[in-house]
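Visitor: Data file start14.txt (compact mmCIF, C-alpha atoms) is appended below.
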```txt
# COMPACT_ATOMS: atom_id res chain seq x y z
CA MET V 1 -4.83 5.96 28.70
CA GLN V 2 -4.15 5.86 24.96
CA ILE V 3 -6.14 7.08 21.98
CA ARG V 4 -6.64 4.77 18.99
CA THR V 5 -8.14 6.28 15.82
CA ARG V 6 -9.91 3.98 13.37
CA SER V 7 -11.19 4.90 9.91
CA GLY V 8 -11.32 1.59 8.03
CA GLY V 9 -9.81 -0.81 10.57
CA HIS V 10 -7.10 -2.05 8.19
CA ASP V 11 -4.04 -1.49 10.34
CA PHE V 12 -2.03 -4.66 9.67
CA GLU V 13 -1.06 -5.01 13.34
CA GLY V 14 -4.44 -3.84 14.64
CA LEU V 15 -3.03 -0.66 16.19
CA SER V 16 -6.19 1.29 15.36
CA TYR V 17 -8.32 -0.89 17.62
CA VAL V 18 -6.06 -3.01 19.89
CA SER V 19 -3.71 -2.02 22.71
CA GLN V 20 -1.79 -3.65 25.55
CA VAL V 21 -2.66 -0.68 27.81
CA PRO V 22 -6.01 0.98 28.65
CA PHE V 23 -7.31 2.89 25.61
CA VAL V 24 -10.31 4.44 23.89
CA ILE V 25 -11.18 4.23 20.20
CA ILE V 26 -12.13 7.26 18.17
CA ASP V 27 -14.14 5.52 15.46
CA LEU V 28 -14.60 7.67 12.35
CA ILE V 29 -17.01 5.30 10.59
CA ASN V 30 -19.81 7.90 10.52
CA LEU V 31 -17.55 10.65 9.16
CA ARG V 32 -17.75 9.57 5.52
CA GLU V 33 -19.16 12.47 3.51
CA ILE V 34 -17.62 12.96 0.06
CA GLU V 35 -18.03 16.14 -1.99
CA ILE V 36 -16.88 15.98 -5.62
CA ASP V 37 -16.06 19.20 -7.51
CA VAL V 38 -15.80 18.10 -11.15
CA LYS V 39 -15.13 21.61 -12.47
CA ASN V 40 -12.05 22.11 -10.31
CA ARG V 41 -11.10 18.40 -10.26
CA THR V 42 -11.03 18.27 -6.46
CA ALA V 43 -12.90 16.49 -3.68
CA TRP V 44 -13.29 16.72 0.09
CA VAL V 45 -13.32 13.26 1.65
CA GLU V 46 -14.02 12.63 5.31
CA ALA V 47 -11.57 10.28 7.01
CA GLY V 48 -14.11 7.53 7.74
CA ALA V 49 -14.90 6.99 4.06
CA THR V 50 -13.40 4.00 2.26
CA ALA V 51 -11.47 4.04 -0.99
CA GLY V 52 -14.37 2.16 -2.61
CA GLU V 53 -16.87 4.81 -1.52
CA LEU V 54 -14.60 7.52 -2.92
CA TYR V 55 -14.16 5.73 -6.26
CA TYR V 56 -17.91 5.16 -6.53
CA LYS V 57 -18.74 8.81 -5.81
CA ILE V 58 -16.21 9.99 -8.39
CA SER V 59 -17.68 7.63 -11.00
CA GLN V 60 -21.18 9.00 -10.40
CA LYS V 61 -19.95 12.50 -11.28
CA SER V 62 -17.44 11.81 -14.06
CA LYS V 63 -16.31 8.96 -16.30
CA THR V 64 -12.91 10.56 -16.92
CA LEU V 65 -11.75 11.45 -13.41
CA ALA V 66 -10.14 9.12 -10.88
CA PHE V 67 -7.89 9.09 -7.82
CA PRO V 68 -4.63 7.16 -7.27
CA ALA V 69 -5.25 5.24 -4.04
CA SER V 70 -5.75 1.69 -2.78
CA VAL V 71 -6.55 -1.39 -4.87
CA CYS V 72 -8.56 -2.67 -1.88
CA PRO V 73 -11.92 -0.84 -1.73
CA THR V 74 -12.58 -1.35 1.99
CA VAL V 75 -9.48 0.54 3.17
CA GLY V 76 -10.32 3.73 5.08
CA VAL V 77 -8.90 6.92 3.58
CA GLY V 78 -7.96 8.38 6.97
CA GLY V 79 -5.20 5.85 7.53
CA GLN V 80 -4.29 4.96 3.98
CA PHE V 81 -3.70 8.49 2.74
CA SER V 82 -1.74 9.42 5.86
CA GLY V 83 0.72 6.57 5.22
CA GLY V 84 1.21 7.28 1.51
CA GLY V 85 -1.34 5.12 -0.29
CA TYR V 86 -0.56 3.47 -3.62
CA GLY V 87 -2.52 1.63 -6.28
CA ALA V 88 -2.80 0.93 -9.99
CA LEU V 89 -2.35 4.60 -10.96
CA MET V 90 0.87 5.09 -8.97
CA ARG V 91 3.30 5.15 -11.90
CA LYS V 92 1.25 7.82 -13.67
CA TYR V 93 0.07 9.98 -10.76
CA GLY V 94 2.05 8.94 -7.68
CA LEU V 95 0.59 8.20 -4.26
CA ALA V 96 -2.67 9.31 -2.70
CA ALA V 97 -0.58 11.50 -0.38
CA ASP V 98 1.08 13.17 -3.39
CA ASN V 99 -2.35 14.40 -4.44
CA ILE V 100 -3.59 15.90 -1.16
CA ILE V 101 -3.97 19.68 -1.23
CA ASP V 102 -5.62 20.41 2.14
CA ALA V 103 -6.73 18.62 5.29
CA HIS V 104 -8.66 19.10 8.53
CA ILE V 105 -7.07 17.78 11.73
CA ILE V 106 -7.92 18.04 15.43
CA ASP V 107 -4.70 18.62 17.34
CA VAL V 108 -3.76 17.79 20.93
CA LYS V 109 -5.29 21.05 22.12
CA GLY V 110 -8.65 20.16 20.54
CA ARG V 111 -8.37 22.74 17.76
CA LEU V 112 -9.76 22.02 14.28
CA LEU V 113 -7.05 23.11 11.85
CA ASP V 114 -6.86 23.35 8.06
CA ARG V 115 -3.64 23.53 6.04
CA GLU V 116 -3.15 27.23 6.63
CA ALA V 117 -3.81 26.99 10.36
CA MET V 118 -1.71 23.88 10.97
CA GLY V 119 1.28 25.16 8.98
CA GLU V 120 3.33 23.49 6.28
CA ASP V 121 5.42 21.33 8.64
CA LEU V 122 2.42 19.49 10.07
CA PHE V 123 0.73 19.35 6.66
CA TRP V 124 3.92 17.73 5.31
CA ALA V 125 4.05 15.22 8.18
CA ILE V 126 0.50 13.87 7.87
CA ARG V 127 0.90 13.13 4.14
CA GLY V 128 2.89 9.91 4.48
CA GLY V 129 4.15 10.08 8.06
CA GLY V 130 1.10 8.41 9.57
CA GLY V 131 -1.57 10.76 10.83
CA ALA V 132 -2.22 8.99 14.15
CA SER V 133 1.03 10.38 15.62
CA PHE V 134 -0.05 14.01 15.27
CA GLY V 135 -3.79 14.26 15.92
CA VAL V 136 -7.10 13.07 14.54
CA ILE V 137 -7.48 13.65 10.81
CA ILE V 138 -11.08 14.53 10.01
CA SER V 139 -10.97 15.04 6.23
CA TRP V 140 -8.77 15.42 3.17
CA LYS V 141 -9.02 17.71 0.16
CA ILE V 142 -7.67 15.78 -2.81
CA LYS V 143 -6.76 16.51 -6.40
CA LEU V 144 -8.60 14.26 -8.86
CA VAL V 145 -6.71 13.03 -11.91
CA PRO V 146 -7.79 12.55 -15.55
CA VAL V 147 -8.20 9.09 -17.04
CA PRO V 148 -9.41 8.10 -20.54
CA SER V 149 -12.98 6.91 -21.00
CA THR V 150 -11.57 3.51 -22.02
CA VAL V 151 -8.81 1.59 -20.24
CA THR V 152 -7.50 -1.92 -20.91
CA VAL V 153 -6.83 -4.69 -18.40
CA PHE V 154 -5.49 -8.22 -18.47
CA ASN V 155 -4.72 -11.10 -16.10
CA ILE V 156 -2.20 -13.62 -17.41
CA PRO V 157 -1.31 -16.54 -15.09
CA LYS V 158 1.98 -18.40 -15.55
CA THR V 159 3.36 -21.47 -13.78
CA LEU V 160 6.87 -22.84 -13.40
CA GLU V 161 6.26 -25.05 -16.44
CA GLN V 162 5.35 -21.92 -18.40
CA ASN V 163 8.65 -20.15 -17.66
CA ALA V 164 7.28 -18.06 -14.78
CA ILE V 165 10.72 -17.53 -13.23
CA LYS V 166 12.26 -16.25 -16.45
CA LEU V 167 9.24 -13.98 -17.01
CA ILE V 168 9.48 -12.52 -13.49
CA HIS V 169 13.21 -12.01 -13.96
CA ARG V 170 12.56 -10.13 -17.20
CA TRP V 171 9.66 -8.17 -15.64
CA GLN V 172 12.07 -6.73 -13.08
CA VAL V 173 13.89 -4.71 -15.75
CA VAL V 174 10.80 -3.86 -17.80
CA ALA V 175 7.96 -2.90 -15.46
CA ASN V 176 9.58 0.19 -13.92
CA LYS V 177 10.86 1.53 -17.26
CA ILE V 178 7.82 0.94 -19.48
CA GLU V 179 5.55 3.92 -20.24
CA GLU V 180 4.05 5.40 -17.07
CA TYR V 181 0.48 4.76 -18.18
CA ILE V 182 1.10 0.98 -18.00
CA GLU V 183 1.08 -0.72 -14.59
CA ILE V 184 1.93 -4.45 -14.54
CA ASN V 185 1.81 -6.07 -11.10
CA ILE V 186 2.72 -9.65 -10.28
CA ILE V 187 0.80 -11.70 -7.71
CA LEU V 188 2.50 -14.91 -6.53
CA LYS V 189 0.28 -17.54 -4.89
CA ARG V 190 0.43 -21.26 -4.30
CA GLY V 191 -1.93 -23.29 -6.44
CA SER V 192 -2.45 -26.62 -8.17
CA SER V 193 0.08 -27.95 -10.64
CA SER V 194 -0.73 -29.61 -13.94
CA LYS V 195 0.84 -32.69 -12.37
CA LYS V 196 -1.83 -34.47 -10.37
CA GLY V 197 -1.62 -33.99 -6.62
CA GLU V 198 1.24 -31.48 -6.78
CA SER V 199 1.26 -27.77 -5.99
CA THR V 200 3.13 -24.92 -7.64
CA ILE V 201 3.28 -21.15 -7.55
CA HIS V 202 1.07 -19.26 -9.93
CA ALA V 203 2.49 -15.92 -11.07
CA LEU V 204 -0.38 -13.69 -12.16
CA PHE V 205 0.64 -10.78 -14.39
CA GLN V 206 -2.04 -8.13 -13.89
CA CYS V 207 -2.13 -4.95 -15.96
CA LEU V 208 -3.98 -1.64 -16.09
CA PHE V 209 -3.30 0.42 -19.22
CA LEU V 210 -4.71 3.92 -19.61
CA GLY V 211 -5.84 3.53 -23.21
CA GLY V 212 -7.29 1.09 -25.73
CA VAL V 213 -6.15 -2.43 -26.56
CA ASP V 214 -4.91 -1.39 -30.02
CA GLN V 215 -2.40 0.94 -28.31
CA LEU V 216 -1.40 -1.58 -25.65
CA ILE V 217 -0.51 -4.55 -27.88
CA PRO V 218 2.31 -2.85 -29.85
CA LEU V 219 3.72 -1.33 -26.65
CA MET V 220 3.86 -4.75 -25.00
CA GLN V 221 5.30 -6.39 -28.12
CA LYS V 222 8.08 -3.80 -28.05
CA SER V 223 8.82 -3.79 -24.29
CA PHE V 224 7.78 -7.23 -22.98
CA PRO V 225 7.28 -9.62 -25.92
CA GLU V 226 8.25 -12.57 -23.71
CA LEU V 227 4.84 -12.43 -21.99
CA GLY V 228 3.18 -13.27 -25.32
CA LEU V 229 0.25 -10.88 -24.90
CA ILE V 230 -2.46 -11.12 -27.56
CA LYS V 231 -5.61 -9.11 -28.06
CA GLU V 232 -7.81 -11.92 -26.75
CA ASP V 233 -6.09 -11.67 -23.36
CA CYS V 234 -7.28 -8.08 -22.96
CA THR V 235 -10.55 -6.42 -21.98
CA GLU V 236 -11.51 -2.80 -22.53
CA MET V 237 -13.62 -1.12 -19.86
CA SER V 238 -14.09 2.12 -17.93
CA TRP V 239 -11.68 3.11 -15.16
CA ILE V 240 -14.27 2.43 -12.45
CA GLU V 241 -14.87 -1.05 -13.88
CA SER V 242 -11.11 -1.64 -13.76
CA VAL V 243 -11.22 -0.96 -10.00
CA LEU V 244 -13.51 -3.98 -9.61
CA PHE V 245 -11.38 -6.06 -12.01
CA THR V 246 -8.09 -5.29 -10.27
CA PHE V 247 -9.43 -6.22 -6.85
CA GLY V 248 -10.84 -9.48 -8.19
CA PHE V 249 -14.60 -8.95 -8.17
CA PRO V 250 -16.39 -11.30 -10.61
CA ARG V 251 -17.31 -9.75 -13.95
CA GLY V 252 -20.81 -8.29 -14.02
CA GLN V 253 -20.87 -7.16 -10.39
CA PRO V 254 -22.67 -3.82 -9.91
CA LEU V 255 -20.56 -0.81 -8.98
CA GLU V 256 -22.45 -0.66 -5.71
CA VAL V 257 -20.23 -3.47 -4.34
CA LEU V 258 -17.72 -0.67 -3.76
CA LEU V 259 -20.03 0.70 -1.07
CA ASN V 260 -19.85 -2.50 0.99
CA ARG V 261 -17.67 -1.77 4.00
CA SER V 262 -17.62 -5.37 5.24
CA GLN V 263 -14.25 -7.10 5.19
CA ILE V 264 -13.95 -9.52 2.30
CA THR V 265 -12.20 -12.04 4.55
CA THR V 266 -12.18 -12.46 8.31
CA ASP V 267 -9.19 -14.79 8.58
CA SER V 268 -5.95 -14.10 10.43
CA PHE V 269 -2.81 -12.92 8.65
CA LYS V 270 0.71 -11.57 9.04
CA ALA V 271 2.26 -9.12 6.57
CA LYS V 272 5.68 -7.67 5.76
CA SER V 273 7.18 -5.47 3.04
CA ASP V 274 10.40 -4.84 1.14
CA PHE V 275 11.75 -2.61 -1.62
CA VAL V 276 13.87 -4.06 -4.42
CA ARG V 277 16.56 -1.89 -6.06
CA ILE V 278 18.54 -4.55 -7.98
CA PRO V 279 16.89 -7.36 -9.98
CA ILE V 280 16.72 -10.64 -8.06
CA PRO V 281 18.66 -13.31 -9.98
CA GLU V 282 16.84 -16.37 -11.24
CA ILE V 283 18.43 -18.56 -8.58
CA GLY V 284 17.03 -16.21 -5.93
CA LEU V 285 13.55 -16.47 -7.45
CA GLU V 286 13.88 -20.26 -7.45
CA GLY V 287 14.48 -20.09 -3.69
CA ILE V 288 11.17 -18.26 -3.25
CA TRP V 289 9.48 -20.98 -5.30
CA SER V 290 10.95 -23.61 -3.02
CA MET V 291 9.79 -21.85 0.16
CA PHE V 292 6.22 -21.55 -1.16
CA GLY V 293 6.10 -25.34 -1.16
CA GLU V 294 6.68 -25.53 2.60
CA ASP V 295 4.03 -26.46 5.16
CA GLY V 296 3.54 -22.94 6.58
CA ALA V 297 3.03 -21.39 3.14
CA GLN V 298 -0.63 -22.35 2.69
CA GLY V 299 -2.42 -19.04 2.21
CA ALA V 300 0.81 -17.22 1.33
CA MET V 301 1.03 -14.46 -1.28
CA MET V 302 3.55 -11.97 -2.60
CA VAL V 303 2.51 -8.88 -4.56
CA LEU V 304 5.17 -7.12 -6.64
CA ALA V 305 4.21 -3.52 -7.50
CA PRO V 306 6.47 -1.69 -9.98
CA PHE V 307 7.75 1.82 -9.40
CA GLY V 308 9.28 4.13 -12.00
CA GLY V 309 7.24 6.67 -13.94
CA ILE V 310 6.42 9.75 -11.90
CA MET V 311 7.70 8.03 -8.74
CA ASP V 312 11.25 8.51 -10.07
CA LYS V 313 10.66 12.25 -10.48
CA ILE V 314 9.37 13.11 -6.98
CA SER V 315 11.96 14.03 -4.34
CA GLU V 316 12.47 11.64 -1.39
CA SER V 317 11.73 14.56 0.95
CA GLU V 318 8.67 15.97 -0.86
CA ILE V 319 6.51 14.13 1.68
CA PRO V 320 7.56 11.67 4.44
CA PHE V 321 7.23 8.65 2.08
CA PRO V 322 10.87 8.41 0.87
CA HIS V 323 10.80 5.40 -1.46
CA ARG V 324 11.24 7.02 -4.85
CA SER V 325 13.94 6.93 -7.56
CA GLY V 326 16.08 3.80 -7.59
CA ASN V 327 13.36 1.43 -6.41
CA LEU V 328 12.36 -1.15 -9.01
CA TYR V 329 9.35 -2.42 -7.09
CA LEU V 330 7.68 -2.90 -3.72
CA ILE V 331 6.99 -6.36 -2.30
CA GLN V 332 4.04 -7.08 -0.04
CA TYR V 333 4.29 -10.44 1.72
CA THR V 334 1.22 -11.92 3.41
CA VAL V 335 0.26 -15.28 4.84
CA HIS V 336 -3.34 -16.06 5.82
CA TRP V 337 -4.86 -18.81 7.93
CA GLU V 338 -8.40 -19.60 9.04
CA GLN V 339 -7.85 -22.19 11.78
CA GLU V 340 -7.67 -21.01 15.37
CA GLY V 341 -4.94 -21.81 17.86
CA ASP V 342 -1.52 -20.47 18.74
CA GLU V 343 0.36 -23.41 17.23
CA ILE V 344 -1.21 -22.94 13.80
CA ALA V 345 -0.71 -19.17 13.93
CA GLN V 346 2.94 -19.56 14.92
CA ARG V 347 3.59 -22.02 12.08
CA HIS V 348 2.49 -19.44 9.50
CA ILE V 349 4.18 -16.50 11.24
CA ASN V 350 7.44 -18.44 11.50
CA TRP V 351 7.22 -19.24 7.80
CA ILE V 352 6.82 -15.62 6.71
CA ARG V 353 9.67 -14.60 9.01
CA ARG V 354 11.89 -17.24 7.36
CA LEU V 355 10.91 -15.95 3.92
CA TYR V 356 11.69 -12.40 5.04
CA SER V 357 15.08 -13.57 6.32
CA TYR V 358 15.78 -15.37 3.04
CA MET V 359 14.95 -12.19 1.06
CA GLU V 360 17.46 -10.07 2.97
CA ALA V 361 20.19 -10.66 0.38
CA PHE V 362 18.01 -9.39 -2.47
CA VAL V 363 16.32 -6.24 -1.15
CA SER V 364 17.20 -2.69 -0.09
CA LYS V 365 19.94 -2.22 2.51
CA SER V 366 21.09 0.44 5.00
CA PRO V 367 18.28 0.63 5.82
CA ARG V 368 16.26 -2.40 4.79
CA ALA V 369 13.27 -0.23 3.89
CA ALA V 370 9.63 -0.98 4.70
CA TYR V 371 6.24 0.60 3.89
CA VAL V 372 4.46 2.09 6.90
CA ASN V 373 0.99 1.12 5.65
CA TYR V 374 2.13 -2.51 5.73
CA ARG V 375 2.68 -2.19 9.46
CA ASP V 376 5.15 -4.73 10.87
CA LEU V 377 5.97 -4.71 14.59
CA ASP V 378 8.77 -7.24 13.98
CA ILE V 379 11.03 -4.40 12.79
CA GLY V 380 10.87 -2.53 16.12
CA VAL V 381 8.47 -1.01 18.65
CA ASN V 382 8.31 1.84 21.13
CA ASN V 383 8.32 1.44 24.91
CA LYS V 384 5.03 1.72 26.79
CA GLY V 385 6.45 4.87 28.39
CA TYR V 386 9.16 7.17 27.10
CA THR V 387 10.89 6.08 23.88
CA SER V 388 14.20 7.64 22.85
CA TYR V 389 14.94 8.91 19.37
CA LYS V 390 17.60 6.21 19.03
CA GLN V 391 15.23 3.39 19.89
CA ALA V 392 12.41 4.65 17.65
CA SER V 393 14.93 5.07 14.82
CA ILE V 394 15.25 1.27 14.68
CA TRP V 395 11.86 1.08 12.95
CA GLY V 396 11.43 4.75 11.96
CA VAL V 397 14.36 4.94 9.56
CA LYS V 398 13.12 1.79 7.77
CA TYR V 399 9.77 3.41 7.06
CA PHE V 400 10.89 7.01 6.50
CA LYS V 401 14.68 7.02 5.94
CA HIS V 402 16.10 10.55 6.42
CA ASN V 403 12.57 11.98 6.76
CA PHE V 404 12.25 10.36 10.20
CA ASN V 405 14.32 13.15 11.77
CA ARG V 406 11.98 15.86 10.45
CA LEU V 407 8.92 13.87 11.56
CA VAL V 408 10.30 13.71 15.11
CA HIS V 409 10.86 17.47 15.15
CA VAL V 410 7.31 18.12 13.90
CA LYS V 411 5.96 15.74 16.56
CA THR V 412 7.94 17.52 19.29
CA LYS V 413 6.50 20.85 18.15
CA VAL V 414 2.81 19.86 17.84
CA ASP V 415 2.50 17.09 20.50
CA PRO V 416 5.45 17.55 22.87
CA LEU V 417 4.01 15.39 25.67
CA ASN V 418 3.32 12.50 23.25
CA PHE V 419 -0.44 12.29 23.81
CA PHE V 420 -1.00 10.54 20.48
CA LYS V 421 1.09 7.38 20.74
CA ASN V 422 1.16 3.70 19.87
CA GLU V 423 3.73 0.95 19.34
CA GLN V 424 5.07 2.68 16.22
CA SER V 425 4.10 6.33 16.63
CA ILE V 426 6.60 9.12 16.02
CA PRO V 427 8.24 9.99 19.38
CA SER V 428 8.70 13.42 20.94
CA LEU V 429 12.20 14.66 21.73
CA LEU V 430 10.98 16.17 24.97
CA SER V 431 12.82 14.35 27.72
CA GLY V 432 10.50 11.93 29.51
CA GLY V 433 7.61 12.74 27.14
CA GLY V 434 4.83 10.16 27.32
CA ARG V 435 5.71 8.77 30.75
```
Give the structure from this file in structure tokens form.

Guide:
Amino acid sequence: MQIRTRSGGHDFEGLSYVSQVPFVIIDLINLREIEIDVKNRTAWVEAGATAGELYYKISQKSKTLAFPASVCPTVGVGGQFSGGGYGALMRKYGLAADNIIDAHIIDVKGRLLDREAMGEDLFWAIRGGGGASFGVIISWKIKLVPVPSTVTVFNIPKTLEQNAIKLIHRWQVVANKIEEYIEINIILKRGSSSKKGESTIHALFQCLFLGGVDQLIPLMQKSFPELGLIKEDCTEMSWIESVLFTFGFPRGQPLEVLLNRSQITTDSFKAKSDFVRIPIPEIGLEGIWSMFGEDGAQGAMMVLAPFGGIMDKISESEIPFPHRSGNLYLIQYTVHWEQEGDEIAQRHINWIRRLYSYMEAFVSKSPRAAYVNYRDLDIGVNNKGYTSYKQASIWGVKYFKHNFNRLVHVKTKVDPLNFFKNEQSIPSLLSGGGR
């Protein structure tokens, strides 16, 4: 019998609510209290709350406090924070897990532990190592971060005819070095071409700037003039309004949409991730363009999220999330489909696997790194029974690099018989553990 813990239900491979063996779900949906302490700039957030609920509650208490977590508002904080958690404030304030200062967890013995009681090793492990391997996280104490009362956003779409490839190539050497209070993501999607009946990739340059438009324009003219940003492209708003903008809610929506826990889409999808350390040459980007024109690429998307800023200054071993200095950006690949049937599903899954194979030459190596919150069982899985350190390392080192070894030792100490396990849980070193 296995335990599956669900806070928001966003596990990309469904490991929080699906299993090939008998299991029970611990559903944290009703554990969603949020207490904001404006004076001390902290908050206690129960693990069943969503990022949107947290952002909304912060905004009701302060217009100049925020938290650096997910762009998607329906993600549960229990899982997201325990895997790292990044968003539009990452370059300025790091990950959600970098801003956790206490936690409550129920361990394998049924004890409710805070940071002091669990000890620093376990507290380290659950901030980026995936909490489901170590117990059931009940709540987090987080450090809120200051933001100005006015921020500036823009969305600028570019097509192949508008030099999108050259702009993306240039972005690769700009976005991670520009001032840390500017975050410029790129979203690649297939769309209609200006030529009738043809399709192309749209590259959407999406920015959050912590300041006013009159500060942003000269910074962009200095660092990224090729994008051609003008004042009319930009909109000033509050930070909480930028949360809605960045996720793609229509303008004028009430803030209360952040309280809606329903999934925005109910289609099927497959996701993967990569980290880029050397700029992809233009010919490599052209190959991506070509693949997006293939039959299985309907519903495909790539999101490029720049690193740099404070991410370059935090040690790889500070928390289990090791992807710090030297990374230019993170890639999230997804492909979605609505039709049912194994043949249709396999067509899209095969396509994203081919794209992932094509990208091998351009991304991180030894290991080819991946982000644990973009769960991908293609990179390796545990056995149903005992899994050796060597076998688990196949996927574990990709997510955690050298931190995987410490995670395994923490697991062996706090859950030696491997009670909390799934297809990609941290294994115990205890011989035969989890049989």

Visitor: Just to confirm, what's the straight-line distance from CA of Asn30 (chain V) to CA of Gln253 (chain V) in Å (one decimal)?

Guide: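 Atom-to-atom, CA of Asn30 (chain V) to CA of Gln253 (chain V), that is 25.8 Å.
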
Visitor: Tell me, in Å to one decimal, how far CA of Ile126 (chain V) is from CA of Lys411 (chain V).

Guide: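 Result for CA of Ile126 (chain V) versus CA of Lys411 (chain V): 10.4 Å, one decimal.
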
Visitor: Which of these, V:Asn383, V:Thr5, V:Ser242, V:Asn403, has the shortest distance to Ile138 (chain V) once you count all atoms listed in the file?

Guide: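 Among V:Asn383, V:Thr5, V:Ser242, V:Asn403, it is V:Thr5 that comes nearest to Ile138 (chain V).
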
Visitor: Let me make sure I understand: among V:Pro148, V:Pro322, V:Pro73, V:Gly284, which one has the smallest atom-to-atom distance to His402 (chain V) if we use all atoms listed in the file?

Guide: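 Going through V:Pro148, V:Pro322, V:Pro73, V:Gly284 one by one, the smallest distance to His402 (chain V) is for V:Pro322.
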
Visitor: Quick one, how far is CA of Gly8 (chain V) from CA of Leu259 (chain V)?

Guide: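 Distance reported for this atom pair: 12.6 Å.
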
Visitor: For Met1 (chain V), work out the shell of residues within 8 Å, counting all atoms listed in the file and skipping chain neighbours fewer than 3 positions away, then give it as a list in words.

Guide: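 Surrounding residues, per the criterion: Val21, Pro22, Phe23 and Val24 of chain V.
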
Visitor: Do you know which residues are at most 10 Å from Ile178 (chain V) counting all atoms listed in the file, after dropping those on the same chain fewer than 3 positions away, and could you put them as a list in words?

Guide: Arg91, Val173, Val174, Ala175, Tyr181, Ile182, Glu183, Ile184, Leu219, Met220, Lys222, Ser223, Phe224, Pro306, Gly308 and Gly309 of chain V

Visitor: If you count all atoms listed in the file, which residues fall within 7 Å of Cys234 (chain V), apart from same-chain ones fewer than 3 positions away, as a list in words?

Guide: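 With the cut-off at 7 Å, the set is Thr152, Val153, Phe154, Val213 and Lys231 of chain V.
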
Visitor: I'd like to know which of V:Ala117, V:Leu95, V:Ala203, V:Ile36 is closest to Met311 (chain V), using all atoms listed in the file.

Guide: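 Once distances to Met311 (chain V) are computed over all atoms listed in the file, the minimum belongs to V:Leu95.
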
Visitor: Starting from 6 Å padding per side, set up an axis-aligned box that covers all listed atoms of region 113-131 of chain V and hand over centre and edge lengths in Å, one decimal, as AutoDock Vina command-line options.

Guide:
```
--center_x -0.8 --center_y 17.8 --center_z 8.0 --size_x 24.5 --size_y 30.8 --size_z 19.7
```

Visitor: Just need region 67-86 of chain V in a file, please: C-alpha atoms, as a PDB file, in the first residue's frame.

Guide:
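Dumped everything to decode26.pdb:
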```
ATOM      1  CA  PHE V  67       6.045  36.177  -2.804  1.00  0.00           C
ATOM      2  CA  PRO V  68       8.244  34.598  -5.513  1.00  0.00           C
ATOM      3  CA  ALA V  69       6.330  31.470  -6.527  1.00  0.00           C
ATOM      4  CA  SER V  70       4.380  30.033  -9.446  1.00  0.00           C
ATOM      5  CA  VAL V  71       3.023  31.931 -12.456  1.00  0.00           C
ATOM      6  CA  CYS V  72       0.115  29.463 -12.485  1.00  0.00           C
ATOM      7  CA  PRO V  73      -2.356  30.379  -9.704  1.00  0.00           C
ATOM      8  CA  THR V  74      -3.931  26.930  -9.297  1.00  0.00           C
ATOM      9  CA  VAL V  75      -0.694  25.178  -8.278  1.00  0.00           C
ATOM     10  CA  GLY V  76      -0.763  23.880  -4.697  1.00  0.00           C
ATOM     11  CA  VAL V  77       1.956  25.279  -2.432  1.00  0.00           C
ATOM     12  CA  GLY V  78       2.595  21.930  -0.736  1.00  0.00           C
ATOM     13  CA  GLY V  79       4.123  20.412  -3.854  1.00  0.00           C
ATOM     14  CA  GLN V  80       5.403  23.495  -5.614  1.00  0.00           C
ATOM     15  CA  PHE V  81       7.426  24.886  -2.734  1.00  0.00           C
ATOM     16  CA  SER V  82       8.878  21.466  -1.899  1.00  0.00           C
ATOM     17  CA  GLY V  83      10.278  21.154  -5.443  1.00  0.00           C
ATOM     18  CA  GLY V  84      11.757  24.658  -5.604  1.00  0.00           C
ATOM     19  CA  GLY V  85       9.065  26.832  -7.161  1.00  0.00           C
ATOM     20  CA  TYR V  86       9.920  29.660  -9.554  1.00  0.00           C
TER      21      TYR V  86
END
```
